[in-house]
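Source file: coords34.cif; contents: mmCIF, C-alpha atoms.
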```
data_final
#
loop_
_atom_site.label_atom_id
_atom_site.label_comp_id
_atom_site.auth_asym_id
_atom_site.auth_seq_id
_atom_site.Cartn_x
_atom_site.Cartn_y
_atom_site.Cartn_z
CA MET A 1 8.56 8.41 13.77
CA ARG A 2 11.65 7.24 11.89
CA PHE A 3 11.42 5.92 8.36
CA ALA A 4 13.22 3.26 6.41
CA THR A 5 16.59 4.03 4.88
CA PHE A 6 16.20 1.25 2.33
CA LEU A 7 16.35 3.30 -0.85
CA ILE A 8 19.20 5.42 0.41
CA ARG A 9 21.20 2.45 1.63
CA VAL A 10 20.81 0.33 -1.49
CA CYS A 11 21.79 3.30 -3.67
CA GLY A 12 25.27 3.17 -2.27
CA ALA A 13 27.18 3.24 -5.57
CA SER A 14 29.47 6.21 -5.89
CA ASP A 15 29.14 6.77 -9.64
CA ASP A 16 27.16 9.58 -11.21
CA SER A 17 24.60 7.15 -12.63
CA ARG A 18 22.58 7.64 -9.44
CA ASP A 19 21.47 11.02 -10.74
CA THR A 20 19.39 9.15 -13.28
CA GLY A 21 18.44 6.40 -10.86
CA GLU A 22 20.48 3.91 -12.88
CA GLY A 23 22.92 3.19 -10.08
CA CYS A 24 20.05 2.55 -7.70
CA LEU A 25 18.38 0.16 -10.13
CA LYS A 26 21.60 -1.77 -10.67
CA SER A 27 22.27 -2.02 -6.97
CA VAL A 28 18.78 -3.26 -6.11
CA GLY A 29 18.68 -5.54 -9.12
CA GLN A 30 21.80 -7.33 -7.96
CA ARG A 31 20.30 -7.84 -4.50
CA ARG A 32 16.96 -9.09 -5.81
CA GLY A 33 18.14 -11.37 -8.60
CA GLY A 34 18.08 -8.84 -11.42
CA ALA A 35 14.31 -8.49 -11.80
CA SER A 36 13.17 -5.50 -13.84
CA LEU A 37 11.92 -3.51 -10.84
CA PRO A 38 12.78 -5.48 -7.72
CA PHE A 39 12.20 -3.01 -4.92
CA SER A 40 11.44 -4.38 -1.50
CA THR A 41 7.87 -3.45 -0.66
CA TYR A 42 8.58 -3.41 3.05
CA PRO A 43 11.51 -2.26 5.19
CA ALA A 44 14.82 -4.09 5.07
CA ALA A 45 16.32 -5.67 8.15
CA ALA A 46 18.63 -2.73 8.78
CA ASP A 47 15.71 -0.33 8.88
CA GLU A 48 14.93 -1.05 12.53
CA ASP A 49 11.54 0.50 13.31
CA GLY A 50 11.32 2.68 10.23
CA HIS A 51 9.37 2.17 7.06
CA ILE A 52 9.58 2.76 3.34
CA LEU A 53 6.69 4.25 1.42
CA ARG A 54 6.88 2.22 -1.78
CA SER A 55 3.86 2.85 -3.94
CA ALA A 56 2.09 0.42 -6.21
CA PHE A 57 2.98 2.54 -9.23
CA MET A 58 6.69 2.23 -8.48
CA GLN A 59 6.22 -1.55 -8.50
CA SER A 60 4.75 -1.60 -12.00
CA PRO A 61 7.16 -3.06 -14.62
CA THR A 62 5.53 -0.94 -17.34
CA ARG A 63 7.03 2.19 -15.80
CA ASN A 64 10.58 1.04 -16.50
CA ALA A 65 10.30 2.10 -20.12
CA ARG A 66 9.15 5.63 -19.37
CA PRO A 67 11.90 8.28 -19.53
CA GLU A 68 10.43 10.17 -16.57
CA TYR A 69 10.68 7.08 -14.39
CA MET A 70 14.24 7.87 -13.31
CA LYS A 71 13.28 11.43 -12.42
CA GLU A 72 10.33 10.19 -10.38
CA LEU A 73 12.59 7.70 -8.63
CA ASN A 74 15.07 10.42 -7.67
CA LEU A 75 12.24 12.63 -6.46
CA LEU A 76 10.97 9.86 -4.20
CA ILE A 77 14.47 9.10 -2.91
CA VAL A 78 14.87 12.76 -1.91
CA LEU A 79 11.39 12.91 -0.38
CA GLU A 80 12.12 9.70 1.53
CA ALA A 81 15.30 11.25 2.92
CA PHE A 82 13.22 14.02 4.48
CA ARG A 83 10.76 11.48 5.89
CA ILE A 84 13.62 9.56 7.47
CA ARG A 85 15.77 12.35 8.84
CA GLY A 86 13.41 15.27 9.39
CA GLY A 87 14.83 18.74 8.72
CA MET A 88 17.80 18.90 6.33
CA SER A 89 19.67 21.33 4.17
CA ARG A 90 20.12 20.65 0.47
CA ALA A 91 23.74 19.71 1.16
CA ASP A 92 22.56 17.24 3.81
CA VAL A 93 20.23 15.62 1.25
CA ALA A 94 23.03 15.27 -1.31
CA ARG A 95 25.26 13.61 1.27
CA ALA A 96 22.47 11.30 2.49
CA THR A 97 21.33 10.15 -0.95
CA GLY A 98 24.50 10.39 -3.05
CA ILE A 99 22.56 12.35 -5.66
CA SER A 100 24.48 15.32 -7.07
CA ALA A 101 23.95 18.74 -5.48
CA PRO A 102 22.50 20.36 -8.67
CA THR A 103 19.96 17.54 -9.02
CA VAL A 104 19.04 17.76 -5.35
CA SER A 105 18.59 21.52 -5.63
CA LYS A 106 16.29 21.11 -8.62
CA ILE A 107 14.21 18.43 -6.92
CA THR A 108 13.87 20.29 -3.62
CA ASP A 109 12.76 23.40 -5.50
CA ARG A 110 9.99 21.35 -7.11
CA LEU A 111 8.97 19.87 -3.78
CA VAL A 112 8.80 23.33 -2.19
CA GLU A 113 6.70 24.66 -5.09
CA SER A 114 4.24 21.80 -4.65
CA GLY A 115 4.02 22.28 -0.87
CA LEU A 116 5.57 18.93 0.04
CA LEU A 117 8.56 20.62 1.66
CA ILE A 118 8.32 23.65 3.94
CA ASP A 119 10.83 26.09 5.40
CA GLY A 120 12.31 24.87 8.65
CA GLY A 121 14.38 27.99 9.37
CA PRO A 122 18.15 28.45 9.30
CA GLY A 123 20.45 25.62 10.30
CA ALA A 124 23.68 25.63 12.26
CA SER A 125 26.65 27.25 10.59
CA SER A 126 29.79 25.22 9.91
CA GLY A 127 31.87 28.35 9.41
CA GLY A 128 30.05 30.00 6.52
CA LYS A 129 26.53 31.11 5.75
CA ARG A 130 23.87 29.34 7.76
CA PRO A 131 22.08 26.84 5.50
CA SER A 132 18.32 26.86 4.95
CA ILE A 133 16.61 23.86 6.51
CA LEU A 134 13.69 22.19 4.77
CA ARG A 135 11.17 19.82 6.31
CA PHE A 136 8.68 17.34 4.91
CA ASN A 137 5.16 18.75 5.21
CA ILE A 138 3.44 15.82 6.89
CA GLU A 139 0.08 17.61 6.83
CA THR A 140 0.00 18.04 3.08
CA GLY A 141 -2.46 15.16 2.97
CA TYR A 142 -3.90 12.21 4.84
CA VAL A 143 -4.51 8.51 4.33
CA LEU A 144 -7.16 6.19 5.74
CA GLY A 145 -6.46 2.74 7.13
CA VAL A 146 -9.47 0.47 7.68
CA ASP A 147 -9.59 -2.73 9.75
CA LEU A 148 -12.77 -4.68 9.06
CA GLY A 149 -13.29 -7.54 11.48
CA GLY A 150 -16.02 -10.10 11.92
CA THR A 151 -17.85 -7.91 14.44
CA ASN A 152 -15.91 -4.64 14.59
CA LEU A 153 -14.87 -1.82 12.28
CA ARG A 154 -11.86 0.38 13.07
CA ILE A 155 -10.64 3.27 10.92
CA ALA A 156 -7.57 5.49 11.34
CA LEU A 157 -6.83 8.83 9.72
CA ALA A 158 -3.06 9.26 9.47
CA ARG A 159 -0.60 11.92 8.38
CA LEU A 160 2.01 11.14 5.76
CA ASP A 161 4.53 10.21 8.43
CA GLY A 162 2.21 7.46 9.64
CA SER A 163 1.13 9.20 12.84
CA ILE A 164 -2.56 8.65 13.53
CA VAL A 165 -4.55 11.86 13.93
CA HIS A 166 -8.03 10.47 14.57
CA GLN A 167 -9.53 7.02 14.75
CA SER A 168 -12.94 5.45 15.05
CA ALA A 169 -14.13 2.09 16.40
CA THR A 170 -17.63 0.69 16.16
CA GLY A 171 -19.44 -2.60 16.01
CA ILE A 172 -20.87 -4.08 12.82
CA ASP A 173 -23.60 -6.58 12.09
CA PRO A 174 -21.86 -9.46 10.26
CA ASN A 175 -25.22 -10.42 8.74
CA ALA A 176 -25.91 -6.94 7.34
CA GLY A 177 -24.43 -7.71 3.93
CA PRO A 178 -21.69 -6.01 1.90
CA ALA A 179 -23.65 -2.92 0.86
CA ALA A 180 -24.54 -1.94 4.41
CA ILE A 181 -21.03 -2.50 5.74
CA MET A 182 -19.42 -0.62 2.85
CA ALA A 183 -21.77 2.28 3.53
CA GLN A 184 -20.73 2.18 7.18
CA ILE A 185 -17.05 2.32 6.20
CA ALA A 186 -17.71 5.30 3.92
CA ALA A 187 -19.70 7.19 6.54
CA ARG A 188 -17.17 6.61 9.30
CA GLY A 189 -14.26 7.50 7.04
CA HIS A 190 -15.84 10.77 5.93
CA ASN A 191 -16.55 11.66 9.55
CA LEU A 192 -12.83 11.43 10.28
CA LEU A 193 -11.90 13.37 7.16
CA ALA A 194 -14.31 16.14 8.16
CA ARG A 195 -12.19 16.76 11.24
CA CYS A 196 -9.25 17.68 9.00
CA GLY A 197 -10.88 19.84 6.35
CA ASN A 198 -12.85 17.26 4.36
CA ALA A 199 -10.22 16.91 1.61
CA PRO A 200 -10.21 13.48 -0.09
CA PRO A 201 -7.59 11.12 1.30
CA LEU A 202 -4.47 10.47 -0.78
CA ALA A 203 -5.09 6.74 -0.42
CA VAL A 204 -7.23 4.21 1.44
CA ALA A 205 -6.31 0.66 2.46
CA LEU A 206 -8.62 -1.98 3.90
CA ALA A 207 -7.66 -5.05 5.94
CA THR A 208 -10.44 -7.61 5.71
CA PRO A 209 -10.99 -11.22 6.73
CA GLY A 210 -11.33 -13.92 4.11
CA LEU A 211 -9.77 -14.77 0.78
CA VAL A 212 -8.74 -11.54 -0.96
CA ASP A 213 -7.85 -11.09 -4.63
CA VAL A 214 -5.46 -8.18 -4.15
CA GLU A 215 -4.94 -7.61 -7.86
CA ALA A 216 -8.64 -7.35 -8.68
CA GLY A 217 -9.52 -5.56 -5.44
CA VAL A 218 -12.15 -8.18 -4.66
CA VAL A 219 -13.02 -10.08 -1.49
CA VAL A 220 -13.56 -13.55 -2.93
CA ALA A 221 -15.11 -14.96 0.23
CA ALA A 222 -15.26 -14.01 3.89
CA ARG A 223 -16.66 -16.84 5.95
CA ASN A 224 -17.63 -14.73 8.96
CA LEU A 225 -19.39 -12.02 6.95
CA ALA A 226 -22.73 -13.00 5.41
CA GLY A 227 -23.01 -12.46 1.67
CA TRP A 228 -19.36 -11.58 1.13
CA GLN A 229 -18.63 -13.47 -2.08
CA ARG A 230 -16.89 -11.72 -4.98
CA VAL A 231 -17.41 -8.27 -3.43
CA PRO A 232 -15.74 -5.49 -5.51
CA VAL A 233 -14.46 -3.64 -2.46
CA ARG A 234 -11.83 -1.54 -4.21
CA ALA A 235 -14.23 -0.17 -6.81
CA GLU A 236 -16.87 0.63 -4.19
CA LEU A 237 -14.47 2.43 -1.86
CA GLU A 238 -12.80 4.33 -4.70
CA ARG A 239 -16.20 5.74 -5.59
CA ALA A 240 -16.90 6.55 -1.96
CA PHE A 241 -13.62 8.34 -1.26
CA SER A 242 -12.44 9.52 -4.72
CA ALA A 243 -9.04 8.04 -3.90
CA PRO A 244 -6.97 4.98 -4.81
CA VAL A 245 -7.78 1.95 -2.67
CA SER A 246 -5.98 -1.28 -1.86
CA ILE A 247 -7.27 -4.28 0.04
CA GLU A 248 -5.40 -6.93 1.99
CA ASN A 249 -6.21 -10.05 3.98
CA ASP A 250 -6.34 -9.14 7.67
CA VAL A 251 -3.62 -11.58 8.78
CA ASN A 252 -1.30 -10.36 6.02
CA ALA A 253 -2.04 -6.80 7.13
CA ALA A 254 -1.14 -7.74 10.70
CA ALA A 255 2.18 -9.16 9.49
CA ILE A 256 2.85 -5.90 7.64
CA GLY A 257 1.95 -3.87 10.71
CA GLU A 258 4.21 -5.91 13.00
CA ARG A 259 7.09 -5.52 10.57
CA TRP A 260 6.52 -1.79 10.26
CA HIS A 261 6.87 -1.00 13.97
CA GLY A 262 5.83 -4.05 15.94
CA ALA A 263 7.52 -7.23 17.13
CA GLY A 264 8.83 -7.93 13.62
CA ALA A 265 10.61 -4.60 13.18
CA GLY A 266 14.14 -5.10 11.87
CA HIS A 267 13.44 -8.55 10.43
CA GLU A 268 13.78 -9.27 6.71
CA SER A 269 11.53 -12.30 7.04
CA LEU A 270 8.82 -13.16 9.51
CA ALA A 271 5.61 -15.08 9.98
CA PHE A 272 2.64 -13.65 11.85
CA VAL A 273 0.55 -16.52 13.24
CA SER A 274 -2.97 -15.54 14.23
CA ILE A 275 -4.77 -17.81 16.70
CA GLY A 276 -8.33 -16.84 17.47
CA THR A 277 -11.64 -18.02 16.06
CA GLY A 278 -9.56 -19.32 13.16
CA VAL A 279 -5.88 -20.02 12.58
CA GLY A 280 -3.88 -18.41 9.80
CA ALA A 281 -0.52 -16.88 9.00
CA GLY A 282 0.91 -13.91 7.14
CA ILE A 283 4.35 -14.60 5.72
CA ILE A 284 6.99 -12.06 4.73
CA THR A 285 10.23 -13.15 3.06
CA ASP A 286 12.91 -10.91 1.56
CA GLY A 287 10.87 -7.97 2.78
CA GLN A 288 7.73 -8.79 0.79
CA ILE A 289 4.40 -10.28 1.77
CA ARG A 290 3.79 -13.67 0.15
CA ARG A 291 0.21 -14.11 -1.01
CA GLY A 292 0.60 -17.02 -3.42
CA ARG A 293 -0.75 -17.49 -6.92
CA HIS A 294 -4.32 -17.90 -5.66
CA PHE A 295 -3.90 -15.61 -2.62
CA GLY A 296 -4.00 -18.57 -0.25
CA ALA A 297 -0.47 -18.48 1.16
CA GLY A 298 -0.42 -18.83 4.93
CA GLU A 299 -3.73 -20.70 5.18
CA ILE A 300 -2.25 -23.14 7.68
CA GLY A 301 -5.58 -23.59 9.48
CA SER A 302 -6.76 -26.00 6.78
CA LEU A 303 -3.79 -28.37 7.17
CA PRO A 304 -4.46 -31.73 8.86
CA CYS A 305 -3.49 -31.64 12.51
CA GLY A 306 -2.24 -35.21 12.76
CA THR A 307 -4.96 -36.64 15.00
CA HIS A 308 -8.22 -38.40 14.16
CA SER A 309 -11.72 -37.73 15.41
CA GLY A 310 -14.14 -40.43 16.48
CA SER A 311 -15.67 -40.42 13.00
CA GLY A 312 -12.32 -41.29 11.43
CA ARG A 313 -12.00 -37.90 9.76
CA GLU A 314 -8.69 -36.16 10.35
CA PRO A 315 -9.50 -32.70 11.71
CA SER A 316 -7.70 -29.59 10.53
CA ILE A 317 -5.43 -27.40 12.62
CA GLU A 318 -8.25 -24.88 12.90
CA ASP A 319 -10.68 -27.59 14.06
CA VAL A 320 -8.37 -28.35 16.97
CA ALA A 321 -6.61 -25.05 17.70
CA GLY A 322 -9.21 -22.44 16.77
CA GLY A 323 -11.23 -21.00 19.64
CA PRO A 324 -14.47 -22.91 18.91
CA GLY A 325 -12.55 -26.16 18.42
CA ILE A 326 -10.73 -25.86 21.75
CA THR A 327 -14.01 -25.06 23.50
CA ALA A 328 -15.86 -28.00 21.94
CA ARG A 329 -13.08 -30.51 22.70
CA ALA A 330 -12.88 -29.49 26.36
CA SER A 331 -16.65 -29.49 26.92
CA GLY A 332 -18.76 -32.53 27.72
CA LYS A 333 -19.16 -35.02 30.56
CA GLY A 334 -20.74 -32.41 32.76
CA ARG A 335 -18.38 -29.62 31.74
CA GLN A 336 -19.45 -26.78 29.51
CA TYR A 337 -17.14 -23.93 28.55
CA GLU A 338 -18.20 -20.70 26.89
CA ASN A 339 -14.95 -19.97 25.10
CA ALA A 340 -11.30 -20.99 24.78
CA VAL A 341 -10.17 -18.49 27.41
CA GLU A 342 -12.22 -20.41 29.99
CA VAL A 343 -10.64 -23.65 28.78
CA PHE A 344 -7.12 -22.31 29.28
CA ALA A 345 -8.03 -21.08 32.76
CA ALA A 346 -9.45 -24.51 33.65
CA ALA A 347 -6.31 -26.19 32.32
CA ARG A 348 -4.21 -24.05 34.63
CA ARG A 349 -6.41 -25.21 37.54
CA GLY A 350 -5.68 -28.81 36.61
CA ASP A 351 -8.86 -29.84 34.78
CA PRO A 352 -7.78 -32.90 32.73
CA ALA A 353 -10.25 -32.41 29.87
CA ALA A 354 -9.24 -28.77 29.47
CA GLU A 355 -5.54 -29.62 29.64
CA HIS A 356 -6.01 -32.34 27.01
CA ALA A 357 -7.72 -29.84 24.69
CA VAL A 358 -4.93 -27.30 25.24
CA CYS A 359 -2.25 -29.93 24.58
CA ASP A 360 -3.94 -30.90 21.31
CA ALA A 361 -4.11 -27.22 20.33
CA VAL A 362 -0.41 -26.72 21.08
CA VAL A 363 0.57 -29.67 18.90
CA ALA A 364 -1.76 -28.58 16.10
CA ILE A 365 -0.38 -25.03 16.05
CA ALA A 366 3.14 -26.43 16.21
CA ARG A 367 2.45 -28.44 13.05
CA GLY A 368 1.43 -25.29 11.21
CA VAL A 369 4.44 -23.36 12.48
CA ALA A 370 6.76 -26.24 11.58
CA ALA A 371 5.41 -26.18 8.03
CA ILE A 372 6.09 -22.43 7.79
CA ILE A 373 9.64 -22.87 9.11
CA ALA A 374 10.35 -25.73 6.72
CA VAL A 375 9.20 -23.73 3.70
CA ALA A 376 9.91 -20.07 4.50
CA ASP A 377 12.60 -20.20 7.24
CA PRO A 378 11.58 -16.87 8.87
CA SER A 379 13.80 -15.23 11.46
CA VAL A 380 10.90 -14.53 13.82
CA ILE A 381 7.45 -16.01 14.47
CA VAL A 382 5.04 -13.40 15.87
CA PHE A 383 1.94 -14.78 17.59
CA GLY A 384 -1.22 -12.69 17.52
CA GLY A 385 -4.96 -13.14 17.85
CA GLY A 386 -7.02 -13.65 20.98
CA LEU A 387 -5.28 -16.80 22.18
CA SER A 388 -1.83 -15.23 21.93
CA ARG A 389 -2.81 -13.35 25.07
CA GLU A 390 -2.51 -16.61 26.97
CA GLY A 391 1.07 -15.53 27.48
CA ASP A 392 4.65 -16.59 27.01
CA GLY A 393 4.04 -19.95 28.65
CA PHE A 394 1.71 -20.97 25.84
CA ILE A 395 4.22 -19.82 23.21
CA LYS A 396 7.02 -21.74 24.95
CA ARG A 397 4.92 -24.89 24.76
CA VAL A 398 4.36 -24.35 21.05
CA ARG A 399 8.08 -23.82 20.51
CA ALA A 400 8.97 -27.00 22.38
CA SER A 401 6.54 -28.94 20.21
CA VAL A 402 7.91 -27.35 17.03
CA GLU A 403 11.44 -28.30 18.06
CA SER A 404 10.38 -31.94 18.14
CA MET A 405 9.37 -31.66 14.47
CA VAL A 406 11.90 -29.38 12.74
CA ARG A 407 15.11 -27.55 13.48
CA VAL A 408 14.17 -24.13 14.87
CA ARG A 409 16.31 -21.04 14.31
CA ALA A 410 13.54 -18.46 14.63
CA GLU A 411 12.56 -16.28 17.57
CA PHE A 412 9.11 -16.90 19.01
CA VAL A 413 7.48 -13.70 20.29
CA ARG A 414 4.07 -12.26 21.05
CA SER A 415 2.59 -9.45 18.99
CA ARG A 416 3.67 -6.01 20.15
CA LEU A 417 0.71 -4.26 18.50
CA GLY A 418 -2.01 -6.63 19.66
CA VAL A 419 -5.43 -5.78 18.25
CA ASP A 420 -3.91 -2.77 16.46
CA ALA A 421 -1.71 -4.85 14.16
CA GLN A 422 -4.21 -5.01 11.29
CA LEU A 423 -5.00 -1.30 11.52
CA HIS A 424 -1.33 -0.34 11.42
CA GLY A 425 -0.82 -2.67 8.47
CA ALA A 426 -3.68 -0.96 6.64
CA VAL A 427 -2.21 2.50 7.38
CA PHE A 428 1.14 1.34 6.06
CA ALA A 429 -0.43 0.03 2.85
CA ALA A 430 -2.22 3.36 2.34
CA LEU A 431 1.02 5.28 2.91
CA ARG A 432 2.75 3.09 0.37
CA MET A 433 0.11 4.01 -2.21
CA ALA A 434 0.31 7.73 -1.47
CA ASP A 435 3.55 8.23 -3.40
CA GLU A 436 1.76 8.34 -6.74
CA ALA A 437 -0.52 11.08 -5.43
CA LEU A 438 2.54 13.02 -4.27
CA VAL A 439 4.18 12.83 -7.69
CA THR A 440 0.89 13.91 -9.26
CA ARG A 441 0.81 16.87 -6.88
CA VAL A 442 4.28 17.93 -8.00
CA ARG A 443 3.11 17.88 -11.62
CA ALA A 444 -0.10 19.72 -10.78
CA ALA A 445 1.97 22.55 -9.27
CA GLY A 446 3.49 23.05 -12.71
CA ALA A 447 6.84 21.65 -11.67
CA GLN A 448 8.73 19.53 -14.17
CA ILE A 449 10.39 16.46 -12.73
#
```

Same coordinates, now as structure tokens:
Amino acid sequence: MRFATFLIRVCGASDDSRDTGEGCLKSVGQRRGGASLPFSTYPAAADEDGHILRSAFMQSPTRNARPEYMKELNLLIVLEAFRIRGGMSRADVARATGISAPTVSKITDRLVESGLLIDGGPGASSGGKRPSILRFNIETGYVLGVDLGGTNLRIALARLDGSIVHQSATGIDPNAGPAAIMAQIAARGHNLLARCGNAPPLAVALATPGLVDVEAGVVVAARNLAGWQRVPVRAELERAFSAPVSIENDVNAAAIGERWHGAGAGHESLAFVSIGTGVGAGIITDGQIRRGRHFGAGEIGSLPCGTHSGSGREPSIEDVAGGPGITARASGKGRQYENAVEVFAAARRGDPAAEHAVCDAVVAIARGVAAIIAVADPSVIVFGGGLSREGDGFIKRVRASVESMVRVRAEFVRSRLGVDAQLHGAVFAALRMADEALVTRVRAAGAQI
């Protein structure tokens, strides 16, 4: 697994201020409009299929005033270099990061003392003494990524390089209520942790359907889960796992997962459009997920679709292009379909009612995509969800419809991760949070940073 070179690449200034992190801050500040701490949360376009573990604590503006902030930043830059490149000598790290050799030596000593770096044996000689190679200890801790769906629960236990060690998948009762489902998450998560020594995870991240208040750690409402209104998910899971927890809307998590190492890898901006029971989008611009002031960004399913029903009410995109809507519109007059997949199959056989329903769905989805392009101008549109499996022909029809509405400069592609997109997004979010735990571990080892 390769990791993002974002921090290293943006810290390209040649002056000595990088030893205090100042050069890095100036460089990133210029690229992000001079905000006080404007790091990209997700990988930059040049990062290809890598990723950057940016923690929530490094995003906090209050840390700018702390003298140790610069030292922590340098420590994370060095640690990230090992994540990206694997085994390196101290001289290799200095060359890769631009941080001075004495500072690198001090930092690597601290990382070795805390167990985050381990001996990788002697390296190749360039004419003198063979250098000592150090490697990032990916098994120094684990994170949990959780994908909570309307009927299924999937959990992954991952090393600090993002590789999944164990995972679990099980069904859930959507009518069981929050307490029962939270208990199921805790039990399943601890079962996975028990396979690796039962140590608490460094971080946990949950991808969940519904409207999510990320800052408060609360699921405001999840339509497909009974009783899920104002559920304090973060607080409950932090008690269950004794670890920091973040939560994210499932479509946003899928967008993050696709950008990490899916169909959106290498793109600075993208939109993940999920078409299944509902219709929604996760939008990333300038490398960061866009949630909106009220966490409703990307809710394209509620937009009017441009057609009128018999009652005179203008249906929403989700009414027309969501699975139940497609099924209902194609059924009747002696035809009865169980789901949207059957409708698409009938349309391919030439059934006029099914084809009409599919055409309406294509136009409705195109309206939502056109709105995203007009506002966010992403470089790629990634289609996921159950109906994305209808294939490239369906996506080509959507693109043709979009082109009749707005100028299109984006790629249109299918999800590379499929049903795993949300889970990978959750793992990524947990990895991003783990940095604070790593810095805490360095301090706990008695090492000054």

Practice task
Grab the atom CA of A:Arg90 to atom CA of A:Ile138 distance for me, in Å with one decimal place.
Solution key: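 Distance between the two atoms: 18.5 Å.
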
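Evaluating the PyMOL selection byres ((chain A and resi 415) around 8) against the shown model yields Glu258, Gly262, Ala263, Val382, Phe383, Gly384, Ser388, Val413, Arg414, Arg416, Leu417, Gly418 and Ala421 of chain A.
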
Problem - Target residues per the PyMOL selection byres ((chain A and resi 390-402) around 7), formatted as a count of residues only - result: 14

Exercise for the section: Would you work out the distance separating atom CA of A:Pro200 from atom CA of A:Arg441, expressed in Å to one decimal? Expected result: 13.4 Å

Problem - Which residue of A:Val112, A:Ala183, A:Ala429, A:Ile289 approaches A:Arg239 most closely, using only C-alpha atoms - result: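 Nearest candidate to A:Arg239 out of A:Val112, A:Ala183, A:Ala429, A:Ile289: A:Ala183.
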
Exercise for the section: Determine the residue set returned by the PyMOL selection byres ((chain A and resi 326) around 9) for the present structure, and present it as a list of chain:residue names. Expected result: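 Going through the file, the PyMOL selection byres ((chain A and resi 326) around 9) ends up selecting A:Asp319, A:Val320, A:Ala321, A:Gly322, A:Gly323, A:Pro324, A:Gly325, A:Thr327, A:Ala328, A:Arg329, A:Ala330, A:Ser331, A:Asn339, A:Ala340, A:Val343, A:Ala354, A:Ala357, A:Val358, A:Asp360, A:Ala361.
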
Axis-aligned box for stretch 105-109 of chain A, 6 Å per side, centre and edges in Å as JSON:
```
{"center_x": 15.7, "center_y": 20.9, "center_z": -6.1, "size_x": 17.8, "size_y": 17.0, "size_z": 17.0}
```

Practice task
Go ahead and find all residues with at least one atom no further than 12 Å from (-11.8, 12.4, 4.2) in the file's coordinates, using only C-alpha atoms; report them as an MDAnalysis selection string.
Solution key: chainID A and resid 141:145 155:159 166 185:204 237 240:243

Problem - Atom pair atom CA of A:Val220 / atom CA of A:Phe295: separation (Å) - result: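 Distance between the two atoms: 9.9 Å.
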
Problem - Selection: 12 Å around A:Ala207, all atoms listed in the file, excl. self and same-chain fewer than 2 positions, as number ranges by chain - result: A: 144-150, 152-156, 185, 204-205, 209-212, 214, 217-219, 222, 233-234, 245-257, 420-430

Handout entry: A:Pro304 environment, 10 Å, all atoms listed in the file, sequence neighbours closer than 5 positions dropped, as a list in words
Key = Arg313, Glu314, Pro315, Ser316, Ile317, Glu318, Asp319, Val320, Ala364, Arg367 and Gly368 of chain A

Completion exercise
With distances taken over all atoms listed in the file, the candidate from A:Arg407, A:Arg83, A:Arg230, A:Arg349 nearest A:Asp161 is A:Arg83

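Minimum atom-to-atom distance to A:Arg110, evaluated using all atoms listed in the file, belongs to A:Val78 out of A:Val78, A:Val341, A:Leu160, A:Ala226.
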
Practice task
Select, from A:Pro102, A:Gly177, A:Pro131, A:Gly298, the residue with the minimum atom-to-atom distance to A:Val375, counting only C-alpha atoms.
Solution key: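 Looking only at the distances to A:Val375, the closest residue turns out to be A:Gly298.
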